[in-house]
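Structure record follows, encoded as structure tokens.
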Amino acid sequence: MLLHSIRSPKVVLLAPALWLAATLPASAAEGVEVVAPTVFHIAGFPVTNSMVTTWFFSLVLIALIRWAVGRPKLIPSRGQTVVETLVGELRSLVELIVGPKMVDKVFPLLISFFIFILIMNWSGLLPFAGTFGIVHNENGHLVLTTVFRPADSDLNTTLALAIVSFSAWLYFVLRYAGLGVLLKDLFGNKADKKDVHIALYFALSPVFFLVGFIEVISIMSRPLSLSFRLFGNVFGGESLLDAMYNICPYVLPVPVMMMEMLVGIIQAFVFTLLTTVYIGLICNHEGGDHAHEEHAEGETHGEAAH
């Protein structure tokens with residue numbers, strides 16, 4: 001009854017989740033908003049609830065890792081052992097794709113992608129996500145602006161991640177493979193002179209050159225595909241969870257939450273894996289071949305020294 005006595009649109013109230021669930025059924029029935037609402041402003045810059053979630057869980061994640069690992073030791077603690085084991089397994093997978101020469105260069109970015117996206121995907125399953133927030137009067141109706149929202153259910157967040165992924169791909173390719181390798185990979189003749197007749201080889205050159213323009217379009221569309229894939233899965237899961245809660249609270253949402261935990265892992269892995277594959281497609285054969293040659297030369301010099 002206290003909430004319904006509010007008249008001024010300037011008045012706001014921080015409310016616990018269970019109380020809001022009981023007093024604001026109409027607000028909950030509206031479903032998940034596509035556009036992340038603004039919670040407050042900093043120097044005139046709007047801060048949305050997805051941004052608050054990103055900042056909050058980033059700080060929590062940094063604090064937890066620092067607490068678990070502590071000061072790295074030669075004989076690791078249990079927390080350090082767990083972290084090193086998980087990181088080591090992911091590093092081995094990345095090395096298979098990008099090659100041994102590139103793995104140390106790209107792995108910090110890739111592991112950051114995976115952990116960040118996974119935590120952001122799972123953040124919507126916490127009890128206070130989507131319920132705890134600010135209540136204000138808007139045109140005679142009480143409206144709840146939630147403080148926490150899964151960051152990946154906001155297209156702005158997923159698009160920012162995709163832009164970072166694309167920029168990193170461009171940097172690594174140009175820095176460690178070179179512009180010539182990139183152009184050759186896009187527009188060069190993919191046929192092997194040893195396997196095809198020389199006349200057919202030259203006849204295929206204009207075909208592969210034209211296919212290169214299709215490949216350029218495919219590359220330019222990667223930020224859109226990465227961002228919309230992640231956004232669609234997370235936002236769809238949040239909408240389904242909200243619908244199940246409105247139908248039968250505390251019962252139907254349980255299997256949906258279990259499914260969303262699995263989807264969160266899969267989507268974090270898919271985003272990271274696709275970024276890894278994009279980099280490895282061009283950098284792996286170049287870096288991998290050079291690394292193999294350097295290793296072979298080292299063995300040859302070693303045998304000669306003996």
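A note on labels: chains of the structure tokens are A, B, ... as shown, every chain counts residues from 1, and ligands are counted from 1 in their shown order.
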> So which residues of range 57-270 of chain A fall under strand (DSSP E) by DSSP, listed as a VMD selection string?
Replying inline: chain A and resid 133 to 138 141 to 146
Near-Ala203 in chain A list (12 Å; only C-alpha atoms; drop same-chain fewer than 4 positions) as a PDB file with C-alpha atoms, in the first residue's frame:
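So the final result, stored in part_7.pdb, reads:
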ATOM      1  CA  ASN A 189      44.761 -19.102 -55.936  1.00  0.00           C
ATOM      2  CA  LYS A 190      43.979 -21.906 -53.495  1.00  0.00           C
ATOM      3  CA  ALA A 191      44.758 -24.687 -55.965  1.00  0.00           C
ATOM      4  CA  LYS A 193      50.149 -26.700 -58.875  1.00  0.00           C
ATOM      5  CA  VAL A 196      46.124 -29.667 -61.107  1.00  0.00           C
ATOM      6  CA  HIS A 197      47.266 -28.967 -64.661  1.00  0.00           C
ATOM      7  CA  ILE A 198      49.059 -25.648 -65.099  1.00  0.00           C
ATOM      8  CA  ALA A 199      46.379 -24.402 -67.518  1.00  0.00           C
ATOM      9  CA  VAL A 207      37.530 -17.537 -59.907  1.00  0.00           C
ATOM     10  CA  PHE A 208      39.352 -17.423 -56.580  1.00  0.00           C
ATOM     11  CA  PHE A 209      39.861 -13.685 -57.011  1.00  0.00           C
TER      12      PHE A 209
END
>> Between CA of Phe271 in chain A and CA of Leu93 in chain A, what distance in Å does the model show, to one decimal?
In response: 14.3 Å
Closest contacts (range 120-210 of chain A/range 234-240 of chain A, max 10 Å, only C-alpha atoms) as a Markdown table:
| residue | atom | partner | partner_atom | distance |
| --- | --- | --- | --- | --- |
| A:Met120 | CA | A:Val234 | CA | 9.4 |
| A:Asn121 | CA | A:Val234 | CA | 6.6 |
| A:Trp122 | CA | A:Val234 | CA | 9.3 |
| A:Gly124 | CA | A:Glu238 | CA | 7.3 |
| A:Leu125 | CA | A:Glu238 | CA | 8.8 |
| A:Gly130 | CA | A:Glu238 | CA | 9.4 |
| A:Arg149 | CA | A:Glu238 | CA | 9.5 |
| A:Pro150 | CA | A:Val234 | CA | 8.0 |
| A:Ala151 | CA | A:Val234 | CA | 9.1 |
| A:Asp152 | CA | A:Val234 | CA | 6.2 |
| A:Ser153 | CA | A:Phe235 | CA | 4.5 |
| A:Asp154 | CA | A:Phe235 | CA | 7.6 |
| A:Leu155 | CA | A:Phe235 | CA | 9.0 |
